[in-house]
Amino acid sequence: MSELDEKIPNNVGLSTDKRLQRALEKWQPNYINWWKEMGPLGHQADNVYLRTAISVESGGWANFDHVKMPDYRWGIFLEPKTEGKTIGFGDELGKPVWDEVPGEHRNALRRLIVTQGDTEPASVEQQRRLGDTAPSMYDMRNLFQVNVEEGRHLWAMVYLLHRYFGRDGREEAEDLLNRRSGDDDKPRILGAFNEPTNHWLSFFLFAMFTDRDGKYQLAALAESGFDPLARTCSFMLTEEAHHLFVGETGVGRIVQRTCELMKKDPNDDARAQGGIDLPTLQKYINQWYSVCLDLFGGESSSNAADAFAAGLKGRYKEQSRFEDHVCLEGVKDMTFVEGNKLVTKEVAVRTAMNEYLREDYIVDCQRAVDRWNKTIESAGINFTLKLPSSRFHRSIGNYAEHSFDPEGNLISAAEFEAKKGEWLSTPEDEIYVTSIMKPCLEPGKIANWIAPPRRGINGQPFEYEYVKLA
Ligand code: BYC
Ligand code: FE
Ligand code: FE
């Protein structure tokens with residue numbers, strides 16, 4: 001193995017691709033500078049029990065060791081190529097997949113890749129201050145694992161830009177290091193990636209809802225007729241599973257602990273016991289879920305129709321779940337606001353592609369909520385967590401300019417303002433939740449507001465020293 005391949009693990013022939021090497025040689029130091037400036041604050045010298053992908057073979061992408069995050073080996077991996085693969089949907093169905101960027105789709109593809117790439121460093125920026133308030137060493141390690149892998153996902157998109165898009169690709173790759181989450185002048189591209197994530201409740205909901213959007217978007221791009229994009233996204237999905245696990249079980253552990261605290265309290269008041277009460281959790285669910293629904297774009301979208309027609313972005317599990325991959329016939333009923341009423345109209349199937357993806361996402365979210373509710377039920381507590389209507393609190397698409405209650409009823413802006421504090425987290429909730437985020441950094445110990453996990457990472461016990469603080 002060459003020294004370069006050792007430094008940047010890859011299966012893209014980096015050591016023999018001089019052009020790619022030159023592009024990466026320029027970009028990599030800027031990436032490291034970005035990581036040191038915007039990555040986990042105050043924990044760059046810690047030794048963290050991290051999983052590093054060093055090959056795509058089974059086992060090769062899950063190597064565990066204590067490493068300092070700036071020394072993490074960010075690699076470039078594509079799912080191995082399948083010979084004879086054909087485009088799976090759209091106008092070019094059945095033609096061979098593209099190994100290079102087709103000229104007529106260059107701009108659309110670059111835009112998809114840049115939009116995807118932008119989310120990865122954004123999430124690291126959003127989470128950079130969380131290390132100091134980790135509820136346990138186990139959780140701190142999971143946060144940093146997610147962070148380095150989001151860093152690798154940025155590498156994945158930058159590889160595509162460098163390898164397939166020439167000069168403007170290199171410029172876009174630089175810009176991915178220059179935008180900043182929440183910055184007024186140069187914000188990240190998509191809404192949810194500029195939202196503050198100031199405490200671990202928001203972190204877990206982010207990993208639950210926002211990373212889950214990532215799963216669906218990556219799965220849609222994994223169907224792409226542009227084969228390098230499809231293969232890159234397929235491999236990213238193997239890492240994504242852990243992020244979703246962190247989010248879903250993180251919220252699940254909060255629910256469990258809240259139930260325990262309620263039972264301890266004479267008035268069933270989890271807050272009085274220093275925990276996160278279920279109504280507050282519901283508000284944060286409403287907040288993060290609605291912001292993440294926006295990430296799927298408008299319900300009716302000509303951009304989405306064009307991307308499908310061109311064979312660039314498919315549906316979730318396009319190959320295994322659908323028979324008609326052309327979608328020129330048929331319509332989907334969709335709800336619009338007209339005057340002061342909700343009306344149902346038919347939309348061409350291709351134009352509804354964002355909505356189909358969002359619907360699959362919603363089913364997946366509901367499955368997780370049902371599991372949390374089982375915990376509440378088992379504790380004998382009468383409370384049900386709910387996903388709000390997909391019309392509630394939206395900033396993109398059919399419902400953006402209107403107000404809805406969590407059940408999806410159209411209401412006036414004044415009514416929404418009056419009820420907002422019951423439905424979405426308030427500044428007071430933020431202050432309270434932030435106030436209970438006391439770090440708990442002794443191996444085996446856990447903060448009061450969350451239950452410990454059932455098991456540790458990679459067969460290690462919960463008490464394992466997942467992070468050796470510098
Ligand atoms: N915020 O036709 P429309 C992840 C814009 S997460 C702000 O309805 P379209 C991760 C849109 O650009 C996965 N602007 O939607 C998770 C368009 O602008 P123009 C991220 C928005 O074009 C956790 C206009 O509104 N991956 O990986 O179909 C941690 C109308 O758009 C938003 C991807 O998103 C928004 N939320 O766009 C780390 C995949 N939504 O044309 C990582 C790549 C829409 O009027 N992106 N706009 O200027 C795409 O597939 C699509 O671009 C979108 C939908 C999903 C964003
Ligand atoms: Fe990612
Ligand atoms: Fe992720």
# chains A, B, ... in the order shown; residues from 1 in each chain; ligands from 1
>>> residues_near_ligand(ligand="ligand 1", cutoff="7 Å", atoms="only C-alpha atoms and all ligand atoms", output="VMD selection string")
chain A and resid 112 to 113 115 to 116 119 to 120 123 150 189 to 192 207 210 to 215 217 to 218 294 to 304 354 396 to 397
>>> write_last_selection(atoms="N, CA and C atoms", output="short mmCIF file (atom, residue, chain, number, x, y, z; two decimals), in the first residue's frame")
data_model
loop_
_atom_site.label_atom_id
_atom_site.label_comp_id
_atom_site.auth_asym_id
_atom_site.auth_seq_id
_atom_site.Cartn_x
_atom_site.Cartn_y
_atom_site.Cartn_z
N LEU A 112 -27.16 18.93 -7.00
CA LEU A 112 -27.55 17.89 -6.05
C LEU A 112 -26.37 17.52 -5.15
N ILE A 113 -25.20 17.40 -5.75
CA ILE A 113 -24.01 16.99 -4.99
C ILE A 113 -23.61 18.09 -4.01
N THR A 115 -25.60 20.40 -2.73
CA THR A 115 -26.62 20.48 -1.67
C THR A 115 -26.40 19.39 -0.64
N GLN A 116 -26.16 18.17 -1.13
CA GLN A 116 -25.88 17.07 -0.21
C GLN A 116 -24.61 17.34 0.58
N THR A 119 -24.63 19.79 3.66
CA THR A 119 -25.26 19.39 4.93
C THR A 119 -24.25 18.75 5.88
N GLU A 120 -23.23 18.10 5.32
CA GLU A 120 -22.33 17.29 6.14
C GLU A 120 -21.49 18.15 7.09
N SER A 123 -23.62 20.00 9.81
CA SER A 123 -24.02 19.29 11.03
C SER A 123 -22.89 19.29 12.05
N GLU A 150 -19.59 12.44 9.40
CA GLU A 150 -20.15 13.52 8.57
C GLU A 150 -19.00 14.21 7.83
N ILE A 189 -26.93 25.77 3.04
CA ILE A 189 -27.95 25.89 2.00
C ILE A 189 -29.36 25.60 2.51
N LEU A 190 -29.53 24.53 3.27
CA LEU A 190 -30.88 24.11 3.66
C LEU A 190 -31.23 24.54 5.08
N GLY A 191 -32.52 24.84 5.27
CA GLY A 191 -32.99 25.41 6.53
C GLY A 191 -32.53 24.70 7.79
N ALA A 192 -32.79 23.40 7.90
CA ALA A 192 -32.51 22.67 9.15
C ALA A 192 -31.04 22.76 9.54
N ALA A 207 -30.29 13.77 15.19
CA ALA A 207 -29.83 12.47 14.67
C ALA A 207 -31.02 11.59 14.32
N THR A 210 -33.12 14.53 11.39
CA THR A 210 -32.36 15.14 10.29
C THR A 210 -31.48 14.10 9.60
N ASP A 211 -30.77 13.30 10.40
CA ASP A 211 -29.99 12.22 9.77
C ASP A 211 -30.91 11.26 9.02
N ARG A 212 -32.14 11.12 9.50
CA ARG A 212 -33.08 10.23 8.80
C ARG A 212 -33.48 10.83 7.45
N ASP A 213 -33.60 12.14 7.37
CA ASP A 213 -33.78 12.75 6.05
C ASP A 213 -32.59 12.34 5.18
N GLY A 214 -31.38 12.39 5.78
CA GLY A 214 -30.18 11.99 5.05
C GLY A 214 -30.31 10.59 4.49
N LYS A 215 -30.84 9.69 5.31
CA LYS A 215 -31.01 8.31 4.83
C LYS A 215 -31.87 8.27 3.57
N GLN A 217 -32.65 10.80 1.46
CA GLN A 217 -32.04 11.52 0.33
C GLN A 217 -30.90 10.70 -0.27
N LEU A 218 -30.09 10.10 0.59
CA LEU A 218 -28.98 9.29 0.08
C LEU A 218 -29.50 8.07 -0.67
N ASP A 294 -39.30 19.94 5.81
CA ASP A 294 -38.93 20.93 4.78
C ASP A 294 -37.76 20.47 3.91
N LEU A 295 -36.91 19.61 4.46
CA LEU A 295 -35.71 19.19 3.72
C LEU A 295 -36.05 18.38 2.46
N PHE A 296 -37.28 17.92 2.38
CA PHE A 296 -37.66 17.15 1.19
C PHE A 296 -38.09 18.04 0.04
N GLY A 297 -38.14 19.37 0.26
CA GLY A 297 -38.54 20.29 -0.80
C GLY A 297 -40.04 20.41 -0.91
N GLY A 298 -40.49 21.12 -1.92
CA GLY A 298 -41.91 21.36 -2.12
C GLY A 298 -42.65 20.06 -2.42
N GLU A 299 -43.94 20.02 -2.03
CA GLU A 299 -44.77 18.83 -2.32
C GLU A 299 -44.87 18.63 -3.82
N SER A 300 -45.07 19.72 -4.51
CA SER A 300 -45.18 19.66 -5.96
C SER A 300 -43.96 20.40 -6.50
N SER A 301 -43.09 19.68 -7.20
CA SER A 301 -41.80 20.26 -7.56
C SER A 301 -41.37 19.88 -8.97
N SER A 302 -41.21 20.89 -9.82
CA SER A 302 -40.74 20.59 -11.18
C SER A 302 -39.26 20.19 -11.14
N ASN A 303 -38.52 20.70 -10.17
CA ASN A 303 -37.12 20.27 -10.01
C ASN A 303 -37.05 18.76 -9.78
N ALA A 304 -37.92 18.29 -8.90
CA ALA A 304 -37.93 16.87 -8.58
C ALA A 304 -38.35 16.05 -9.81
N ASN A 354 -40.92 14.55 -4.56
CA ASN A 354 -40.49 14.96 -3.22
C ASN A 354 -41.45 14.43 -2.16
N ILE A 396 -41.35 25.45 3.65
CA ILE A 396 -41.14 25.13 2.24
C ILE A 396 -42.39 24.41 1.74
N GLY A 397 -42.82 24.73 0.53
CA GLY A 397 -43.89 23.95 -0.10
C GLY A 397 -45.29 24.52 0.08
#
>>> select_by_dssp(residues="stretch 311-397 of chain A", states="helix (DSSP H, G or I)", output="JSON, numbers by chain")
{"A": [318, 319, 320, 321, 349, 350, 351, 352, 353, 354, 355, 356, 357, 358, 359, 360, 361, 362, 363, 364, 365, 366, 367, 368, 369, 370, 371, 372, 373, 374, 375, 376, 377, 378]}
>>> write_last_selection(atoms="C-alpha atoms", output="compact mmCIF listing (two decimals), in the first residue's frame")
# COMPACT_ATOMS: atom_id res chain seq x y z
CA GLU A 318 -36.86 2.43 -6.63
CA GLN A 319 -35.81 -0.97 -7.96
CA SER A 320 -37.37 -3.25 -5.38
CA ARG A 321 -40.57 -1.38 -4.47
CA VAL A 349 -46.59 11.48 -10.39
CA ARG A 350 -43.19 12.83 -11.44
CA THR A 351 -44.02 16.24 -10.01
CA ALA A 352 -44.90 14.56 -6.70
CA MET A 353 -41.52 12.84 -6.22
CA ASN A 354 -40.49 14.96 -3.22
CA GLU A 355 -43.77 14.05 -1.56
CA TYR A 356 -43.39 10.32 -2.16
CA LEU A 357 -40.00 10.40 -0.51
CA ARG A 358 -41.37 12.45 2.39
CA GLU A 359 -44.20 9.96 2.88
CA ASP A 360 -41.75 7.06 3.17
CA TYR A 361 -39.78 9.09 5.69
CA ILE A 362 -42.92 9.80 7.74
CA VAL A 363 -43.73 6.08 7.99
CA ASP A 364 -40.21 5.44 9.28
CA CYS A 365 -40.47 8.26 11.84
CA GLN A 366 -43.84 6.95 13.06
CA ARG A 367 -42.29 3.51 13.62
CA ALA A 368 -39.77 5.05 16.01
CA VAL A 369 -42.42 7.11 17.81
CA ASP A 370 -44.47 3.93 18.29
CA ARG A 371 -41.48 2.33 20.02
CA TRP A 372 -41.08 5.30 22.36
CA ASN A 373 -44.79 5.09 23.15
CA LYS A 374 -44.40 1.41 24.05
CA THR A 375 -41.91 2.45 26.73
CA ILE A 376 -44.40 4.98 28.11
CA GLU A 377 -47.19 2.44 28.03
CA SER A 378 -45.08 -0.22 29.76
>>> residues_near_ligand(ligand="ligand 3", cutoff="12 Å", atoms="only C-alpha atoms and all ligand atoms", output="mmCIF file with C-alpha atoms, in the first residue's frame")
data_model
loop_
_atom_site.group_PDB
_atom_site.id
_atom_site.type_symbol
_atom_site.label_atom_id
_atom_site.label_comp_id
_atom_site.auth_asym_id
_atom_site.auth_seq_id
_atom_site.Cartn_x
_atom_site.Cartn_y
_atom_site.Cartn_z
ATOM 1 C CA GLN A 116 -25.882 17.067 -0.210
ATOM 2 C CA GLY A 117 -22.242 17.956 0.520
ATOM 3 C CA THR A 119 -25.256 19.391 4.927
ATOM 4 C CA GLU A 120 -22.332 17.287 6.139
ATOM 5 C CA PRO A 121 -19.975 19.989 7.487
ATOM 6 C CA ALA A 122 -23.037 21.996 8.544
ATOM 7 C CA SER A 123 -24.025 19.295 11.025
ATOM 8 C CA VAL A 124 -20.502 19.223 12.499
ATOM 9 C CA ASN A 142 -21.068 8.589 19.703
ATOM 10 C CA LEU A 143 -21.246 12.327 19.063
ATOM 11 C CA PHE A 144 -17.640 12.383 17.868
ATOM 12 C CA GLN A 145 -18.177 9.247 15.773
ATOM 13 C CA VAL A 146 -21.068 10.935 14.023
ATOM 14 C CA ASN A 147 -18.982 14.086 13.574
ATOM 15 C CA VAL A 148 -15.977 12.386 11.939
ATOM 16 C CA GLU A 149 -18.280 10.396 9.661
ATOM 17 C CA GLU A 150 -20.149 13.519 8.573
ATOM 18 C CA GLY A 151 -16.669 14.852 7.816
ATOM 19 C CA ARG A 152 -16.065 11.767 5.671
ATOM 20 C CA HIS A 153 -19.385 12.315 3.913
ATOM 21 C CA LEU A 154 -18.111 15.745 2.960
ATOM 22 C CA PHE A 203 -28.746 16.590 19.161
ATOM 23 C CA PHE A 204 -30.688 13.355 19.620
ATOM 24 C CA PHE A 206 -31.362 15.941 14.990
ATOM 25 C CA ALA A 207 -29.826 12.474 14.671
ATOM 26 C CA MET A 208 -33.330 10.990 14.746
ATOM 27 C CA PHE A 209 -35.045 13.305 12.266
ATOM 28 C CA THR A 210 -32.364 15.137 10.289
ATOM 29 C CA ASP A 211 -29.992 12.217 9.774
ATOM 30 C CA ARG A 212 -33.077 10.231 8.797
ATOM 31 C CA ASP A 213 -33.780 12.749 6.047
ATOM 32 C CA GLY A 214 -30.185 11.991 5.046
ATOM 33 C CA LYS A 215 -31.011 8.314 4.832
ATOM 34 C CA TYR A 216 -33.883 8.945 2.422
ATOM 35 C CA GLN A 217 -32.041 11.521 0.332
ATOM 36 C CA LEU A 218 -28.975 9.289 0.079
ATOM 37 C CA CYS A 233 -24.191 7.235 -1.512
ATOM 38 C CA MET A 236 -22.472 6.446 3.039
ATOM 39 C CA LEU A 237 -25.698 4.686 3.991
ATOM 40 C CA THR A 238 -23.745 1.960 5.828
ATOM 41 C CA GLU A 239 -22.392 4.653 8.174
ATOM 42 C CA GLU A 240 -25.714 6.444 8.431
ATOM 43 C CA ALA A 241 -27.288 3.482 10.230
ATOM 44 C CA HIS A 242 -25.266 4.266 13.367
ATOM 45 C CA HIS A 243 -26.289 7.941 13.322
ATOM 46 C CA LEU A 244 -29.949 6.912 13.209
ATOM 47 C CA PHE A 245 -29.351 4.452 16.032
ATOM 48 C CA VAL A 246 -27.812 7.225 18.143
ATOM 49 C CA GLY A 247 -30.828 9.461 17.534
#
>>> atom_distance(atom1="atom CA of A:Pro443", atom2="atom CA of A:Val467")
8.6 Å
>>> select_by_dssp(residues="stretch 51-249 of chain A", states="strand (DSSP E or B)", output="list in words")
Arg51, Thr52, Asn63, Phe64, Asp65, His66, Val67, Lys68, Ile76, Thr86, Pro96, Trp98 and Phe226 of chain A
>>> residues_around(residues="A:His325", least_positions_apart="5", cutoff="8 Å", atoms="only C-alpha atoms", output="list in words")
Gly88, Phe89, Gly90, Leu93 and Glu318 of chain A
>>> closest_residue(among="A:Trp200, A:Phe235, A:Phe64, A:Tyr316", to="ligand 2", atoms="only C-alpha atoms and all ligand atoms")
A:Phe235
>>> closest_residue(among="A:Val251, A:Leu293, A:Ala219, A:Leu201", to="ligand 2", atoms="only C-alpha atoms and all ligand atoms")
A:Ala219
>>> residues_around(residues="A:Ile76", least_positions_apart="4", cutoff="10 Å", atoms="only C-alpha atoms", output="list in words")
Asp5, Ile8, Pro9, Asn10, Asn11, Val12, Gly13, Leu14, Ala53, Ile54, Ser55, Val56, Arg152, His153, Leu154, Trp155, Ala156, Met157, Val158, Tyr159, Leu160, Thr232 and Phe235 of chain A
>>> write_last_selection(atoms="C-alpha atoms", output="PDB file, in the first residue's frame")
ATOM      1  CA  ASP A   5      -3.338   5.198   0.372  1.00  0.00           C
ATOM      2  CA  ILE A   8      -6.240   8.545   2.788  1.00  0.00           C
ATOM      3  CA  PRO A   9      -7.798   5.066   2.716  1.00  0.00           C
ATOM      4  CA  ASN A  10      -9.640   4.721  -0.587  1.00  0.00           C
ATOM      5  CA  ASN A  11     -10.859   2.400  -3.283  1.00  0.00           C
ATOM      6  CA  VAL A  12     -10.800   4.950  -6.102  1.00  0.00           C
ATOM      7  CA  GLY A  13      -7.204   4.436  -7.249  1.00  0.00           C
ATOM      8  CA  LEU A  14      -6.025   7.665  -5.643  1.00  0.00           C
ATOM      9  CA  ALA A  53     -13.553   2.842   7.364  1.00  0.00           C
ATOM     10  CA  ILE A  54     -10.405   1.458   5.731  1.00  0.00           C
ATOM     11  CA  SER A  55     -12.033  -0.668   3.029  1.00  0.00           C
ATOM     12  CA  VAL A  56     -15.531  -1.505   1.790  1.00  0.00           C
ATOM     13  CA  ARG A 152     -16.065  11.767   5.671  1.00  0.00           C
ATOM     14  CA  HIS A 153     -19.385  12.315   3.913  1.00  0.00           C
ATOM     15  CA  LEU A 154     -18.111  15.745   2.960  1.00  0.00           C
ATOM     16  CA  TRP A 155     -15.014  14.034   1.523  1.00  0.00           C
ATOM     17  CA  ALA A 156     -17.291  11.734  -0.454  1.00  0.00           C
ATOM     18  CA  MET A 157     -19.029  14.665  -2.164  1.00  0.00           C
ATOM     19  CA  VAL A 158     -15.763  16.562  -2.607  1.00  0.00           C
ATOM     20  CA  TYR A 159     -14.290  13.509  -4.315  1.00  0.00           C
ATOM     21  CA  LEU A 160     -17.143  13.632  -6.847  1.00  0.00           C
ATOM     22  CA  THR A 232     -20.763   6.797  -3.083  1.00  0.00           C
ATOM     23  CA  PHE A 235     -21.516   3.335   1.049  1.00  0.00           C
TER      24      PHE A 235
END
>>> closest_atom_pairs(of="stretch 22-122 of chain A", to="stretch 163-167 of chain A", cutoff="8 Å", atoms="only C-alpha atoms", output="tab-separated table")
residue	atom	partner	partner_atom	distance
A:Glu100	CA	A:Tyr164	CA	6.8
A:Val101	CA	A:Tyr164	CA	6.6
A:Arg110	CA	A:Phe165	CA	7.7
>>> residues_around(residues="stretch 125-136 of chain A", least_positions_apart="4", cutoff="10 Å", atoms="only C-alpha atoms", output="ChimeraX atom specification")
/A:34-35,37-43,119-121,140-144,146-147,180-182,193-200,202-203,206,434,436-452,462-463,466-467
>>> write_last_selection(atoms="C-alpha atoms", output="PDB file, in the first residue's frame")
ATOM      1  CA  TRP A  34     -11.897  23.900   8.938  1.00  0.00           C
ATOM      2  CA  TRP A  35     -12.064  20.850  11.222  1.00  0.00           C
ATOM      3  CA  GLU A  37     -11.803  25.746  13.641  1.00  0.00           C
ATOM      4  CA  MET A  38     -15.353  24.359  13.376  1.00  0.00           C
ATOM      5  CA  GLY A  39     -15.116  20.748  14.597  1.00  0.00           C
ATOM      6  CA  PRO A  40     -15.652  19.577  18.206  1.00  0.00           C
ATOM      7  CA  LEU A  41     -14.583  22.463  20.421  1.00  0.00           C
ATOM      8  CA  GLY A  42     -12.021  21.661  23.106  1.00  0.00           C
ATOM      9  CA  HIS A  43     -11.782  17.952  22.319  1.00  0.00           C
ATOM     10  CA  THR A 119     -25.256  19.391   4.927  1.00  0.00           C
ATOM     11  CA  GLU A 120     -22.332  17.287   6.139  1.00  0.00           C
ATOM     12  CA  PRO A 121     -19.975  19.989   7.487  1.00  0.00           C
ATOM     13  CA  MET A 140     -19.595  11.736  23.894  1.00  0.00           C
ATOM     14  CA  ARG A 141     -17.947   9.032  21.834  1.00  0.00           C
ATOM     15  CA  ASN A 142     -21.068   8.589  19.703  1.00  0.00           C
ATOM     16  CA  LEU A 143     -21.246  12.327  19.063  1.00  0.00           C
ATOM     17  CA  PHE A 144     -17.640  12.383  17.868  1.00  0.00           C
ATOM     18  CA  VAL A 146     -21.068  10.935  14.023  1.00  0.00           C
ATOM     19  CA  ASN A 147     -18.982  14.086  13.574  1.00  0.00           C
ATOM     20  CA  ARG A 180     -21.100  28.415   8.048  1.00  0.00           C
ATOM     21  CA  SER A 181     -24.169  27.060   9.782  1.00  0.00           C
ATOM     22  CA  GLY A 182     -26.361  29.891  11.062  1.00  0.00           C
ATOM     23  CA  PHE A 193     -28.739  23.007   8.865  1.00  0.00           C
ATOM     24  CA  ASN A 194     -28.843  26.548  10.172  1.00  0.00           C
ATOM     25  CA  GLU A 195     -30.943  25.686  13.225  1.00  0.00           C
ATOM     26  CA  PRO A 196     -29.175  25.922  16.572  1.00  0.00           C
ATOM     27  CA  THR A 197     -28.422  22.574  18.211  1.00  0.00           C
ATOM     28  CA  ASN A 198     -27.433  23.831  21.625  1.00  0.00           C
ATOM     29  CA  HIS A 199     -28.041  20.831  23.807  1.00  0.00           C
ATOM     30  CA  TRP A 200     -28.262  17.064  23.728  1.00  0.00           C
ATOM     31  CA  SER A 202     -31.734  18.737  20.125  1.00  0.00           C
ATOM     32  CA  PHE A 203     -28.746  16.590  19.161  1.00  0.00           C
ATOM     33  CA  PHE A 206     -31.362  15.941  14.990  1.00  0.00           C
ATOM     34  CA  THR A 434     -29.813  23.782  28.763  1.00  0.00           C
ATOM     35  CA  ILE A 436     -29.920  20.352  33.139  1.00  0.00           C
ATOM     36  CA  MET A 437     -27.152  19.547  30.644  1.00  0.00           C
ATOM     37  CA  LYS A 438     -24.484  18.960  33.284  1.00  0.00           C
ATOM     38  CA  PRO A 439     -21.585  16.933  31.915  1.00  0.00           C
ATOM     39  CA  CYS A 440     -21.123  13.449  33.288  1.00  0.00           C
ATOM     40  CA  LEU A 441     -17.722  12.322  32.135  1.00  0.00           C
ATOM     41  CA  GLU A 442     -16.797   9.503  34.474  1.00  0.00           C
ATOM     42  CA  PRO A 443     -16.811   6.162  32.646  1.00  0.00           C
ATOM     43  CA  GLY A 444     -19.897   4.195  33.653  1.00  0.00           C
ATOM     44  CA  LYS A 445     -21.779   7.216  35.029  1.00  0.00           C
ATOM     45  CA  ILE A 446     -24.768   8.856  33.376  1.00  0.00           C
ATOM     46  CA  ALA A 447     -26.565  12.194  33.695  1.00  0.00           C
ATOM     47  CA  ASN A 448     -29.842  12.311  35.586  1.00  0.00           C
ATOM     48  CA  TRP A 449     -32.105  13.113  32.611  1.00  0.00           C
ATOM     49  CA  ILE A 450     -31.315  10.088  30.453  1.00  0.00           C
ATOM     50  CA  ALA A 451     -31.170   6.317  30.947  1.00  0.00           C
ATOM     51  CA  PRO A 452     -27.970   4.373  30.155  1.00  0.00           C
ATOM     52  CA  PHE A 462     -21.058   0.890  29.014  1.00  0.00           C
ATOM     53  CA  GLU A 463     -18.302   1.477  31.621  1.00  0.00           C
ATOM     54  CA  TYR A 466     -14.689   5.507  25.301  1.00  0.00           C
ATOM     55  CA  VAL A 467     -12.956   8.871  25.473  1.00  0.00           C
TER      56      VAL A 467
END
>>> closest_residue(among="A:Asn286, A:Lys36, A:Asp118, A:Arg111", to="ligand 2", atoms="only C-alpha atoms and all ligand atoms")
A:Asp118
>>> closest_residue(among="A:Ser234, A:Thr280, A:Thr384, A:Ser435", to="ligand 2", atoms="only C-alpha atoms and all ligand atoms")
A:Ser234
>>> residues_around(residues="A:Ser15", least_positions_apart="4", cutoff="8 Å", atoms="only C-alpha atoms", output="list in words")
Ser2, Leu4, Asp5 and Gln21 of chain A
>>> write_last_selection(atoms="N, CA and C atoms", output="PDB file, in the first residue's frame")
ATOM      1  N   SER A   2       0.575   2.197  -0.876  1.00  0.00           N
ATOM      2  CA  SER A   2       1.390   3.406  -0.935  1.00  0.00           C
ATOM      3  C   SER A   2       1.147   4.268   0.299  1.00  0.00           C
ATOM      4  N   LEU A   4       0.312   7.311   0.409  1.00  0.00           N
ATOM      5  CA  LEU A   4      -0.897   8.108   0.216  1.00  0.00           C
ATOM      6  C   LEU A   4      -2.150   7.296   0.565  1.00  0.00           C
ATOM      7  N   ASP A   5      -2.187   6.053   0.085  1.00  0.00           N
ATOM      8  CA  ASP A   5      -3.338   5.198   0.372  1.00  0.00           C
ATOM      9  C   ASP A   5      -3.448   4.907   1.866  1.00  0.00           C
ATOM     10  N   GLN A  21      -5.167  13.715  -7.100  1.00  0.00           N
ATOM     11  CA  GLN A  21      -4.203  13.984  -6.017  1.00  0.00           C
ATOM     12  C   GLN A  21      -3.933  15.473  -5.870  1.00  0.00           C
TER      13      GLN A  21
END
>>> decode(residues="stretch 105-118 of chain A", atoms="N, CA and C atoms", output="mmCIF file, in the first residue's frame")
data_model
loop_
_atom_site.group_PDB
_atom_site.id
_atom_site.type_symbol
_atom_site.label_atom_id
_atom_site.label_comp_id
_atom_site.auth_asym_id
_atom_site.auth_seq_id
_atom_site.Cartn_x
_atom_site.Cartn_y
_atom_site.Cartn_z
ATOM 1 N N HIS A 105 -26.753 17.087 -18.113
ATOM 2 C CA HIS A 105 -27.195 17.017 -16.715
ATOM 3 C C HIS A 105 -26.160 17.572 -15.740
ATOM 4 N N ARG A 106 -25.127 18.199 -16.305
ATOM 5 C CA ARG A 106 -24.004 18.627 -15.477
ATOM 6 C C ARG A 106 -24.438 19.571 -14.347
ATOM 7 N N ASN A 107 -25.188 20.599 -14.685
ATOM 8 C CA ASN A 107 -25.565 21.582 -13.666
ATOM 9 C C ASN A 107 -26.482 20.987 -12.604
ATOM 10 N N ALA A 108 -27.444 20.197 -13.064
ATOM 11 C CA ALA A 108 -28.386 19.602 -12.106
ATOM 12 C C ALA A 108 -27.650 18.664 -11.152
ATOM 13 N N LEU A 109 -26.729 17.883 -11.689
ATOM 14 C CA LEU A 109 -25.983 16.950 -10.851
ATOM 15 C C LEU A 109 -25.082 17.676 -9.862
ATOM 16 N N ARG A 110 -24.409 18.695 -10.350
ATOM 17 C CA ARG A 110 -23.525 19.445 -9.463
ATOM 18 C C ARG A 110 -24.329 20.046 -8.318
ATOM 19 N N ARG A 111 -25.502 20.535 -8.633
ATOM 20 C CA ARG A 111 -26.342 21.137 -7.616
ATOM 21 C C ARG A 111 -26.783 20.109 -6.560
ATOM 22 N N LEU A 112 -27.162 18.930 -7.005
ATOM 23 C CA LEU A 112 -27.545 17.885 -6.053
ATOM 24 C C LEU A 112 -26.368 17.523 -5.154
ATOM 25 N N ILE A 113 -25.199 17.397 -5.753
ATOM 26 C CA ILE A 113 -24.012 16.988 -4.991
ATOM 27 C C ILE A 113 -23.607 18.092 -4.010
ATOM 28 N N VAL A 114 -23.662 19.338 -4.461
ATOM 29 C CA VAL A 114 -23.301 20.449 -3.570
ATOM 30 C C VAL A 114 -24.307 20.561 -2.419
ATOM 31 N N THR A 115 -25.596 20.402 -2.731
ATOM 32 C CA THR A 115 -26.618 20.483 -1.670
ATOM 33 C C THR A 115 -26.398 19.388 -0.639
ATOM 34 N N GLN A 116 -26.158 18.175 -1.127
ATOM 35 C CA GLN A 116 -25.882 17.067 -0.210
ATOM 36 C C GLN A 116 -24.605 17.344 0.580
ATOM 37 N N GLY A 117 -23.536 17.728 -0.128
ATOM 38 C CA GLY A 117 -22.242 17.956 0.520
ATOM 39 C C GLY A 117 -22.321 19.023 1.605
ATOM 40 N N ASP A 118 -23.109 20.056 1.363
ATOM 41 C CA ASP A 118 -23.205 21.185 2.282
ATOM 42 C C ASP A 118 -23.765 20.782 3.646
#
